[in-house]
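Shown next: start37.tsv, containing TSV, C-alpha atoms.
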```tsv
chain	number	residue	atom	x	y	z
A	253	MET	CA	31.76	-1.03	25.71
A	254	ILE	CA	31.82	1.17	22.60
A	255	SER	CA	30.58	4.73	22.79
A	256	THR	CA	29.07	6.67	19.90
A	257	ASN	CA	32.36	8.46	19.44
A	258	ASP	CA	34.24	5.15	19.27
A	259	TYR	CA	31.78	3.88	16.72
A	260	ASN	CA	32.00	7.02	14.56
A	261	ASP	CA	35.75	6.92	14.82
A	262	ALA	CA	35.71	3.30	13.67
A	263	VAL	CA	33.51	4.23	10.72
A	264	LYS	CA	35.97	6.92	9.68
A	265	ARG	CA	39.04	4.78	10.16
A	266	PHE	CA	37.98	1.33	8.98
A	267	SER	CA	35.07	1.66	6.58
A	268	GLN	CA	37.37	2.21	3.60
A	269	ASN	CA	39.57	-0.75	4.50
A	270	LEU	CA	36.60	-2.97	5.14
A	271	TYR	CA	34.97	-1.98	1.90
A	272	ARG	CA	38.17	-2.66	-0.03
A	273	PHE	CA	38.53	-6.05	1.65
A	274	VAL	CA	34.96	-7.07	0.83
A	275	PHE	CA	34.88	-5.60	-2.65
A	276	LYS	CA	38.16	-7.26	-3.57
A	277	SER	CA	36.61	-10.61	-2.75
A	278	LEU	CA	33.12	-10.18	-4.13
A	279	LYS	CA	33.67	-7.82	-7.05
A	280	ASP	CA	30.20	-6.45	-6.48
A	281	LYS	CA	29.77	-2.88	-5.30
A	282	GLU	CA	26.24	-3.23	-3.96
A	283	ALA	CA	26.97	-6.45	-2.13
A	284	ALA	CA	30.13	-4.92	-0.66
A	285	ASN	CA	28.15	-1.89	0.47
A	286	ASP	CA	25.52	-4.08	2.09
A	287	LEU	CA	28.04	-6.28	3.85
A	288	VAL	CA	29.99	-3.32	5.21
A	289	GLN	CA	26.79	-1.74	6.47
A	290	ASP	CA	25.76	-5.03	8.05
A	291	ALA	CA	29.14	-5.31	9.75
A	292	PHE	CA	28.85	-1.85	11.26
A	293	LEU	CA	25.26	-2.48	12.23
A	294	LYS	CA	26.34	-5.61	14.07
A	295	LEU	CA	29.13	-3.66	15.69
A	296	TRP	CA	26.61	-1.16	17.01
A	297	GLN	CA	24.24	-3.90	18.13
A	298	ASN	CA	27.08	-5.63	19.99
A	299	ARG	CA	28.67	-2.46	21.29
A	300	GLU	CA	28.45	-3.66	24.87
A	301	LYS	CA	30.42	-6.82	24.11
A	302	VAL	CA	33.14	-5.50	21.81
A	303	GLU	CA	36.22	-3.86	23.28
A	304	PRO	CA	37.26	-0.60	21.62
A	305	GLU	CA	40.78	-1.95	20.91
A	306	LYS	CA	39.37	-4.97	19.05
A	307	ILE	CA	36.99	-3.14	16.77
A	308	LYS	CA	39.02	-3.60	13.58
A	309	PRO	CA	39.62	-7.38	13.83
A	310	TRP	CA	36.02	-7.79	14.98
A	311	LEU	CA	34.73	-5.95	11.91
A	312	PHE	CA	36.91	-7.95	9.54
A	313	SER	CA	35.86	-11.19	11.16
A	314	VAL	CA	32.19	-10.33	10.78
A	315	ALA	CA	32.73	-9.22	7.20
A	316	HIS	CA	34.65	-12.39	6.35
A	317	HIS	CA	31.91	-14.67	7.68
A	318	ALA	CA	29.23	-12.59	6.00
A	319	MET	CA	31.18	-12.88	2.76
A	320	ILE	CA	31.38	-16.65	3.00
A	321	ASN	CA	27.64	-16.85	3.61
A	322	TYR	CA	26.99	-14.51	0.70
A	323	LEU	CA	29.20	-16.56	-1.64
A	324	LYS	CA	27.45	-19.75	-0.60
A	325	LEU	CA	24.10	-18.19	-1.43
A	326	GLU	CA	25.39	-16.86	-4.71
A	327	ALA	CA	26.84	-20.25	-5.60
A	328	ARG	CA	23.40	-21.76	-5.13
A	329	LYS	CA	21.90	-19.18	-7.43
A	330	THR	CA	24.45	-19.56	-10.27
A	331	PRO	CA	26.27	-22.87	-10.11
A	332	LEU	CA	29.63	-22.68	-11.81
A	333	GLU	CA	31.26	-26.07	-12.02
A	334	HIS	CA	34.51	-24.96	-13.52
A	335	ALA	CA	35.10	-21.59	-11.97
A	336	ASP	CA	38.84	-21.87	-12.37
A	337	ALA	CA	38.58	-22.61	-16.05
A	338	VAL	CA	36.17	-19.75	-16.60
A	339	ALA	CA	38.41	-17.35	-14.76
A	340	SER	CA	41.50	-18.30	-16.72
A	341	MET	CA	39.56	-18.22	-20.00
A	342	ALA	CA	38.44	-14.71	-19.25
A	343	ILE	CA	42.04	-13.65	-18.92
A	344	THR	CA	43.22	-15.39	-22.07
A	345	HIS	CA	40.52	-13.62	-24.03
A	346	THR	CA	41.45	-10.21	-22.71
A	347	PRO	CA	43.54	-8.49	-25.33
A	348	ASP	CA	45.44	-6.07	-23.13
A	349	TYR	CA	46.08	-7.72	-19.82
A	350	ASP	CA	48.17	-6.35	-17.02
A	351	ILE	CA	49.63	-7.94	-13.96
A	352	ARG	CA	47.02	-6.45	-11.70
A	353	GLU	CA	44.22	-8.00	-13.68
A	354	ILE	CA	45.91	-11.36	-13.58
A	355	ILE	CA	46.27	-11.12	-9.83
A	356	GLU	CA	42.57	-10.25	-9.60
A	357	LYS	CA	41.69	-13.35	-11.57
A	358	GLY	CA	44.11	-15.40	-9.55
A	359	LEU	CA	42.45	-14.16	-6.38
A	360	GLN	CA	39.05	-15.18	-7.64
A	361	THR	CA	40.24	-18.73	-8.10
A	362	LEU	CA	41.21	-19.00	-4.45
A	363	LEU	CA	38.99	-20.35	-1.71
A	364	PRO	CA	37.24	-17.57	0.22
A	365	ARG	CA	39.28	-18.38	3.31
A	366	ASP	CA	42.60	-18.22	1.43
A	367	ARG	CA	41.53	-15.06	-0.35
A	368	SER	CA	40.71	-13.42	2.95
A	369	ILE	CA	44.11	-14.43	4.32
A	370	VAL	CA	45.91	-12.92	1.33
A	371	LEU	CA	43.90	-9.72	1.48
A	372	LEU	CA	44.27	-9.30	5.20
A	373	ARG	CA	47.98	-9.87	4.91
A	374	ASP	CA	48.68	-7.76	1.83
A	375	LEU	CA	46.18	-4.96	2.15
A	376	GLU	CA	45.82	-4.61	5.89
A	377	GLY	CA	49.27	-5.81	6.91
A	378	TYR	CA	47.99	-8.07	9.67
A	379	SER	CA	50.32	-10.51	11.36
A	380	TYR	CA	49.67	-14.25	11.19
A	381	GLU	CA	48.45	-14.15	14.75
A	382	GLU	CA	45.94	-11.39	14.04
A	383	ILE	CA	44.72	-13.11	10.89
A	384	GLY	CA	44.30	-16.27	12.93
A	385	GLU	CA	42.27	-14.34	15.47
A	386	ILE	CA	40.02	-12.90	12.78
A	387	LEU	CA	39.48	-16.12	10.88
A	388	GLN	CA	39.64	-18.41	13.90
A	389	LEU	CA	42.75	-20.29	12.74
A	390	ASN	CA	46.06	-20.90	14.41
A	391	GLU	CA	49.24	-19.17	13.33
A	392	SER	CA	50.81	-22.10	11.49
A	393	GLN	CA	47.57	-22.74	9.59
A	394	VAL	CA	47.54	-19.13	8.48
A	395	LYS	CA	51.12	-19.40	7.29
A	396	VAL	CA	50.50	-22.61	5.34
A	397	TYR	CA	47.30	-21.29	3.73
A	398	LEU	CA	48.99	-18.04	2.84
A	399	PHE	CA	51.93	-19.83	1.28
A	400	ARG	CA	49.62	-22.01	-0.82
A	401	ALA	CA	47.46	-19.10	-1.88
A	402	ARG	CA	50.39	-16.95	-2.86
A	403	LYS	CA	52.00	-19.80	-4.72
A	404	LYS	CA	48.80	-20.32	-6.63
A	405	ILE	CA	48.66	-16.65	-7.62
A	406	LYS	CA	52.32	-16.72	-8.57
A	407	ASP	CA	51.78	-19.84	-10.71
A	408	SER	CA	48.81	-18.29	-12.45
A	409	ILE	CA	50.88	-15.21	-13.26
A	410	LYS	CA	53.68	-17.38	-14.55
A	411	PHE	CA	51.29	-19.50	-16.61
A	412	LEU	CA	49.53	-16.54	-18.14
A	413	SER	CA	52.79	-14.77	-18.87
A	414	VAL	CA	53.82	-17.80	-20.89
A	415	VAL	CA	50.42	-18.11	-22.63
A	416	LEU	CA	50.16	-14.45	-23.54
B	172	MET	CA	70.12	-30.72	-2.52
B	173	ILE	CA	67.40	-28.03	-2.31
B	174	THR	CA	64.12	-28.87	-4.05
B	175	ASP	CA	61.85	-26.36	-5.83
B	176	GLU	CA	59.38	-26.61	-2.98
B	177	ARG	CA	62.09	-25.70	-0.52
B	178	PHE	CA	63.11	-22.77	-2.73
B	179	ASP	CA	59.52	-21.55	-2.74
B	180	GLU	CA	59.28	-21.80	1.02
B	181	LEU	CA	62.57	-19.99	1.39
B	182	ILE	CA	61.51	-17.15	-0.92
B	183	PHE	CA	58.12	-16.95	0.74
B	184	ASP	CA	59.71	-16.67	4.17
B	185	TYR	CA	62.23	-14.20	2.84
B	186	LEU	CA	59.56	-11.93	1.41
B	187	GLU	CA	57.33	-12.34	4.41
B	188	GLY	CA	60.14	-11.42	6.77
B	189	ASN	CA	60.08	-14.73	8.60
B	190	LEU	CA	63.84	-15.37	8.33
B	191	ASN	CA	66.48	-14.45	10.86
B	192	SER	CA	69.38	-12.23	9.86
B	193	ARG	CA	71.76	-15.08	8.98
B	194	GLU	CA	69.22	-16.83	6.73
B	195	ARG	CA	68.33	-13.52	5.15
B	196	GLU	CA	71.97	-12.83	4.26
B	197	ALA	CA	72.28	-16.31	2.75
B	198	VAL	CA	69.22	-15.74	0.56
B	199	GLU	CA	70.52	-12.36	-0.59
B	200	ILE	CA	73.87	-13.89	-1.60
B	201	LEU	CA	72.02	-16.63	-3.51
B	202	LYS	CA	69.85	-14.03	-5.18
B	203	ALA	CA	72.89	-12.07	-6.31
B	204	GLU	CA	74.72	-15.14	-7.63
B	205	ASN	CA	71.83	-17.13	-9.15
B	206	GLU	CA	69.75	-15.49	-11.90
B	207	THR	CA	67.07	-18.17	-11.86
B	208	PHE	CA	66.57	-17.75	-8.15
B	209	ASN	CA	66.39	-13.99	-8.58
B	210	ALA	CA	63.70	-14.39	-11.27
B	211	GLN	CA	61.74	-16.64	-8.94
B	212	VAL	CA	61.93	-14.05	-6.19
B	213	LEU	CA	60.54	-11.46	-8.64
B	214	GLN	CA	57.69	-13.80	-9.54
B	215	TRP	CA	56.83	-14.20	-5.87
B	216	LYS	CA	56.97	-10.46	-5.41
B	217	ASN	CA	54.45	-10.06	-8.23
B	218	ALA	CA	52.00	-12.28	-6.38
B	219	TYR	CA	51.45	-9.60	-3.73
B	220	VAL	CA	48.13	-7.83	-3.89
B	221	SER	CA	47.97	-4.06	-3.75
B	222	GLU	CA	44.96	-1.82	-4.02
B	223	PRO	CA	44.45	1.85	-3.17
B	224	LEU	CA	41.77	2.72	-0.66
B	225	PRO	CA	38.43	3.46	-2.36
B	226	GLU	CA	36.32	6.57	-1.78
B	227	VAL	CA	33.42	5.63	0.43
B	228	ASP	CA	32.12	9.04	1.52
B	229	GLY	CA	28.50	8.16	0.85
B	230	LEU	CA	28.79	4.95	2.80
B	231	GLN	CA	30.48	6.72	5.70
B	232	ARG	CA	27.72	9.32	5.80
B	233	LYS	CA	25.16	6.54	6.00
B	234	LEU	CA	27.00	4.79	8.80
B	235	LEU	CA	27.88	7.73	11.01
B	236	ILE	CA	25.70	8.36	14.02
B	237	PRO	CA	25.13	12.01	14.86
B	238	SER	CA	26.68	12.45	18.28
B	239	SER	CA	24.33	13.69	20.98
B	240	ASP	CA	26.96	14.86	23.45
B	241	SER	CA	27.24	18.55	24.32
B	242	GLY	CA	30.81	18.88	23.24
B	243	MET	CA	32.82	21.32	21.24
B	244	SER	CA	30.53	21.12	18.22
B	245	ARG	CA	27.56	22.40	20.20
B	246	ILE	CA	29.55	25.33	21.54
B	247	ILE	CA	30.77	26.18	18.05
B	248	TYR	CA	27.26	25.92	16.70
B	249	SER	CA	25.78	28.20	19.34
B	250	MET	CA	28.57	30.73	18.85
B	251	ALA	CA	27.93	30.75	15.12
B	252	LEU	CA	24.23	31.28	15.77
B	253	LEU	CA	24.95	34.21	18.08
B	254	PHE	CA	27.28	35.70	15.51
B	255	LEU	CA	24.58	35.43	12.85
B	256	LEU	CA	22.04	37.08	15.14
B	257	VAL	CA	24.41	39.95	15.80
B	258	LEU	CA	25.02	40.38	12.09
B	259	HIS	CA	21.34	40.23	11.17
B	260	PRO	CA	19.31	41.67	14.04
B	261	GLY	CA	16.06	40.81	12.31
B	262	ASP	CA	13.19	42.71	10.73
B	263	GLY	CA	10.56	42.20	13.38
B	264	HIS	CA	9.31	38.83	12.15
B	265	HIS	CA	11.39	36.79	14.54
B	266	GLY	CA	9.44	35.82	17.59
B	267	ILE	CA	12.53	35.23	19.67
B	268	GLN	CA	13.88	38.69	19.17
B	269	GLU	CA	13.41	40.94	22.17
B	270	GLN	CA	11.55	44.16	21.36
B	271	PRO	CA	11.70	47.38	23.35
B	272	ALA	CA	8.53	48.22	25.30
B	273	GLY	CA	7.66	51.19	23.05
B	274	LYS	CA	7.92	49.13	19.92
B	275	LEU	CA	5.77	46.41	21.42
B	276	ARG	CA	3.07	48.90	22.33
B	277	GLU	CA	3.15	50.36	18.85
B	278	ALA	CA	2.94	46.91	17.28
B	279	ASN	CA	-0.02	46.10	19.52
B	280	ASN	CA	-1.85	49.28	18.48
B	281	ASN	CA	-1.21	48.55	14.82
B	282	TYR	CA	-2.50	45.06	15.31
B	283	LYS	CA	-5.71	46.38	16.94
B	284	LYS	CA	-6.18	48.77	14.04
B	285	ASP	CA	-5.78	45.92	11.60
B	286	ILE	CA	-8.37	43.86	13.43
B	287	SER	CA	-10.90	46.69	13.45
B	288	ALA	CA	-10.23	47.29	9.77
B	289	ALA	CA	-10.75	43.63	9.09
B	290	ALA	CA	-14.14	43.80	10.80
B	291	THR	CA	-15.35	46.51	8.38
B	292	PRO	CA	-16.96	45.26	5.18
B	293	LEU	CA	-15.25	45.49	1.87
B	294	GLU	CA	-15.14	48.94	0.48
B	295	VAL	CA	-17.45	49.13	-2.49
B	296	SER	CA	-17.72	52.35	-4.36
B	297	MET	CA	-20.63	52.60	-6.66
B	298	PRO	CA	-22.73	55.47	-7.78
B	299	ALA	CA	-25.61	56.01	-5.42
B	300	PRO	CA	-28.98	55.16	-6.93
B	301	ALA	CA	-31.01	58.19	-7.59
B	302	CYS	CA	-34.28	57.52	-5.82
B	303	GLU	CA	-36.75	59.98	-7.03
B	304	SER	CA	-39.85	59.23	-5.12
B	305	THR	CA	-41.13	62.81	-5.30
B	306	GLU	CA	-40.38	63.58	-8.88
B	307	GLU	CA	-41.94	61.38	-11.44
B	308	LYS	CA	-40.06	60.72	-14.58
B	309	PRO	CA	-41.87	60.26	-17.86
B	310	VAL	CA	-42.16	56.58	-18.64
B	311	PRO	CA	-40.72	55.64	-21.99
B	312	PRO	CA	-43.27	54.47	-24.48
B	313	THR	CA	-41.65	51.11	-25.09
B	314	ALA	CA	-41.69	50.10	-21.44
B	315	PRO	CA	-44.05	47.10	-21.54
B	316	GLU	CA	-42.17	45.55	-24.41
B	317	GLU	CA	-38.85	45.88	-22.66
B	318	ILE	CA	-40.18	44.29	-19.49
B	319	GLY	CA	-41.55	41.45	-21.51
B	320	ASN	CA	-38.21	40.94	-23.21
B	321	ALA	CA	-36.40	41.00	-19.89
B	322	PHE	CA	-38.61	38.24	-18.49
B	323	ARG	CA	-38.36	36.23	-21.65
B	324	SER	CA	-34.57	36.22	-21.62
B	325	LYS	CA	-32.98	33.04	-20.36
B	326	ILE	CA	-29.67	32.53	-18.65
B	327	SER	CA	-28.74	29.91	-21.20
B	328	GLU	CA	-29.06	32.52	-23.89
B	329	ALA	CA	-26.70	34.87	-22.14
B	330	THR	CA	-23.12	34.78	-23.29
B	331	ASP	CA	-21.58	36.62	-20.41
B	332	PHE	CA	-22.38	38.72	-17.40
B	333	GLU	CA	-22.76	41.95	-19.32
B	334	THR	CA	-25.65	40.71	-21.42
B	335	LEU	CA	-27.81	40.35	-18.32
B	336	THR	CA	-27.25	43.87	-17.10
B	337	TYR	CA	-29.48	46.76	-17.81
B	338	GLU	CA	-27.88	49.66	-19.50
B	339	ARG	CA	-30.85	51.84	-19.12
B	340	PRO	CA	-32.96	52.59	-16.06
B	341	LEU	CA	-35.51	49.91	-15.33
B	342	PRO	CA	-38.71	51.34	-16.68
B	343	GLY	CA	-41.66	51.97	-14.50
B	344	LEU	CA	-39.90	51.71	-11.13
B	345	GLY	CA	-38.56	55.22	-10.89
B	346	VAL	CA	-35.22	53.85	-9.70
B	347	GLU	CA	-32.14	54.39	-11.73
B	348	MET	CA	-30.15	51.20	-11.69
B	349	PRO	CA	-26.39	51.65	-11.54
B	350	ASP	CA	-24.30	50.53	-14.41
B	351	VAL	CA	-22.85	47.27	-13.13
B	352	ARG	CA	-19.81	47.59	-15.30
B	353	HIS	CA	-18.69	50.66	-13.37
B	354	ILE	CA	-18.77	49.11	-9.92
B	355	GLU	CA	-15.33	49.13	-8.42
B	356	ILE	CA	-14.46	46.71	-5.69
B	357	LYS	CA	-11.35	47.56	-3.78
B	358	MET	CA	-9.78	44.72	-1.82
B	359	ARG	CA	-7.76	45.71	1.20
B	360	THR	CA	-4.52	43.85	1.07
B	361	ASP	CA	-2.77	45.66	3.90
B	362	ILE	CA	-4.69	43.83	6.64
B	363	SER	CA	-2.97	40.94	8.29
B	364	ILE	CA	-4.51	38.77	10.98
B	365	SER	CA	-2.30	36.34	12.78
B	366	PRO	CA	-3.34	32.67	12.61
B	367	VAL	CA	-3.37	32.58	16.41
B	368	LYS	CA	-5.91	35.39	16.47
B	369	ILE	CA	-8.06	33.61	13.89
B	370	GLY	CA	-8.05	30.51	16.09
B	371	GLU	CA	-9.04	32.58	19.11
B	372	MET	CA	-11.87	34.20	17.21
B	373	LYS	CA	-13.09	30.82	16.05
B	374	LYS	CA	-13.03	29.50	19.61
B	375	LEU	CA	-14.93	32.55	20.82
B	376	SER	CA	-17.62	32.13	18.19
B	377	GLU	CA	-17.99	28.44	19.09
B	378	LYS	CA	-18.30	29.36	22.74
B	379	GLN	CA	-20.95	31.95	21.93
B	380	LEU	CA	-22.81	29.40	19.85
B	381	ARG	CA	-22.79	26.91	22.70
B	382	ALA	CA	-24.01	29.58	25.10
B	383	LEU	CA	-26.82	30.45	22.69
B	384	GLN	CA	-27.86	26.81	22.36
B	385	LEU	CA	-27.89	26.46	26.13
B	386	HIS	CA	-29.98	29.58	26.45
B	387	LYS	CA	-32.46	28.25	23.89
B	388	ARG	CA	-32.70	24.95	25.72
B	389	LYS	CA	-33.32	26.74	29.00
B	390	ARG	CA	-35.97	28.85	27.43
B	391	ASN	CA	-37.72	25.80	26.03
B	392	GLY	CA	-37.58	24.09	29.40
B	393	SER	CA	-35.66	21.10	28.11
B	394	ASN	CA	-32.59	21.87	30.12
B	395	ARG	CA	-32.82	18.85	32.37
B	396	SER	CA	-31.04	15.88	31.04
B	397	THR	CA	-33.00	12.68	31.27
B	398	PHE	CA	-31.41	9.55	32.55
B	399	MET	CA	-31.60	6.84	29.92
B	400	PRO	CA	-34.37	8.46	27.91
B	401	GLY	CA	-35.17	5.27	26.00
B	402	ASN	CA	-36.04	3.29	29.14
B	403	VAL	CA	-39.44	4.60	30.00
B	404	PRO	CA	-40.94	2.34	32.66
B	405	TYR	CA	-43.96	0.49	31.51
B	406	VAL	CA	-46.80	1.04	33.90
B	407	VAL	CA	-49.44	-1.59	33.85
B	408	PRO	CA	-52.80	0.04	33.61
B	409	LEU	CA	-54.82	-1.01	36.63
B	410	ASN	CA	-58.14	-0.31	35.08
B	411	LYS	CA	-57.86	-3.25	32.73
B	412	ASN	CA	-58.53	-6.85	33.44
B	413	PHE	CA	-55.90	-9.32	32.42
```

Could you write out this file's structure as structure tokens?
Amino acid sequence: MISTNDYNDAVKRFSQNLYRFVFKSLKDKEAANDLVQDAFLKLWQNREKVEPEKIKPWLFSVAHHAMINYLKLEARKTPLEHADAVASMAITHTPDYDIREIIEKGLQTLLPRDRSIVLLRDLEGYSYEEIGEILQLNESQVKVYLFRARKKIKDSIKFLSVVL
Amino acid sequence: MITDERFDELIFDYLEGNLNSREREAVEILKAENETFNAQVLQWKNAYVSEPLPEVDGLQRKLLIPSSDSGMSRIIYSMALLFLLVLHPGDGHHGIQEQPAGKLREANNNYKKDISAAATPLEVSMPAPACESTEEKPVPPTAPEEIGNAFRSKISEATDFETLTYERPLPGLGVEMPDVRHIEIKMRTDISISPVKIGEMKKLSEKQLRALQLHKRKRNGSNRSTFMPGNVPYVVPLNKNF
């Protein structure tokens, strides 16, 4: 059971992290705002079910699933057949690139699930077990997906370094 | 023979902290000896995502629920309020401020004075008309013409208020009309009636009106209320043959 104080405390402690996590994936401020608000609204609506110690993983789990739904809807609106190609083209046409931008583009080429794993690991410092709990995967799956995702980002950096 | 894939896994585990101390030492030796391996480790390191926390003050303000508990904040708030009241004791307009009995009595008397002053009509100072019923003034010779002109004048012809006023005494009446331009109307601005009092006065007047209506009805003999006045029973006249 979450009290008002617990909820407010969660807002103060996790809203920034949650926003960063969502915004990093979606690259849309308004959508990120909406999803974070939805996540906290759901937290308040389910305050009797959620344990105070599990608020953070619960919020990230809700945000991750909301993000996947949002991306599915967006994909229906604007079908992009060659998203990878578009992303890499955007980088090659950027005159002054930096490593951070390349990583951003590399992240966008990942599957939403893999992207969430990378972000949860790198930005939030979650363990494989915790990531598994949030995304409903087992530990070894998390490790494999993370390895593949990171390798993909690394390869894109390597490729673009050679191209540019 | 270690393949590239195995190298990648090894570096990944090394950077992720999944290796035990012996494996870690082995990787560090390899890194120090092999330049290519070292470069690969750097490439893997670059693949880590970092991002500073954004400012989300507006979002936080939207999400926060104002706490309803009577905790420290309420105590601090009430103390601050008390402090403000001590600093600014008020100028008599605050209803919550306690007044000494003498002051209250004085305020009440002032209020009564105001009410009585409000009941008096507006103060109009105008020169009193000189009614000279005993003394007869000589009528000017052009009197009939002027009267005729006055009746003939139309409002549409008048340009402003002054054109309709008489500057000279109205002939033939023996009454000296005051010069309208010199009438002074003084509005009393120092009277203040509280809205509560206005409401009470309104209620009183309504009550009096109702009492008057009731009195009129009693006087007319129509005080009794009729039950279903539209349903007058039809009485069949017996003196007619059907």

Could you list, as a CSV table (one decimal) with C-alpha atoms, in the frame of the given file, every residue of chain A that has an atom within 6 Å of an atom of chain B, counting only C-alpha atoms?
```csv
chain,number,residue,atom,x,y,z
A,260,ASN,CA,32.0,7.0,14.6
A,374,ASP,CA,48.7,-7.8,1.8
A,405,ILE,CA,48.7,-16.6,-7.6
A,406,LYS,CA,52.3,-16.7,-8.6
```

Practice item. Identify, on the basis of all atoms listed in the file, every residue whose closest approach to segment 307-316 of chain A does not exceed 8 Å; exclude the query and any residue fewer than 2 positions from it along the same chain; express the result as a PyMOL selection string. Key: chain A and resi 262+266+270+274+287-288+291-292+295+302-305+318-320+368+382+385-387

With 6 Å added on each side, what axis-aligned box encloses every listed atom of segment 275-294 of chain A? Give the centre and edge lengths in Å to one decimal, as AutoDock Vina command-line options.
```
--center_x 31.7 --center_y -6.2 --center_z 3.5 --size_x 24.9 --size_y 20.9 --size_z 33.1
```

Exercise for review: For atom CA of Glu326 of chain A and atom CA of Gly384 of chain A, quote the distance in Å rounded to one decimal.
Suggested key: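 Result for atom CA of Glu326 of chain A versus atom CA of Gly384 of chain A: 25.9 Å, one decimal.
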
Review point. Can you tell me how far atom CA of Asp280 of chain A sits from atom CA of Arg365 of chain A, in Å to one decimal?
Key: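 These two atoms are separated by 17.9 Å.
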
Review point. At what distance in Å, to one decimal, does atom CA of Glu376 of chain A lie from atom CA of Asn191 of chain B?
Key: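 Answer for the atom CA of Asn191 of chain B to atom CA of Glu376 of chain A separation: 23.4 Å.
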
**Study point:** Residue nearest Leu359 of chain A - candidates A:Arg400, A:Lys281, A:Lys294, A:Lys264, atoms counted: only C-alpha atoms
**Key:**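 Of A:Arg400, A:Lys281, A:Lys294, A:Lys264, the one nearest Leu359 of chain A, counting only C-alpha atoms, is A:Arg400.
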
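If you measure from each of A:Asp261, A:Pro364, A:Gln388, A:Tyr397 to Phe273 of chain A using only C-alpha atoms, the closest one turns out to be A:Pro364.
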
**Study point:** Nearest to Phe399 of chain A by atom-to-atom distance, counting only C-alpha atoms, from A:Ile354, A:Met253, A:Ala284, A:Ile369
**Key:**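 Once distances to Phe399 of chain A are computed over only C-alpha atoms, the minimum belongs to A:Ile369.
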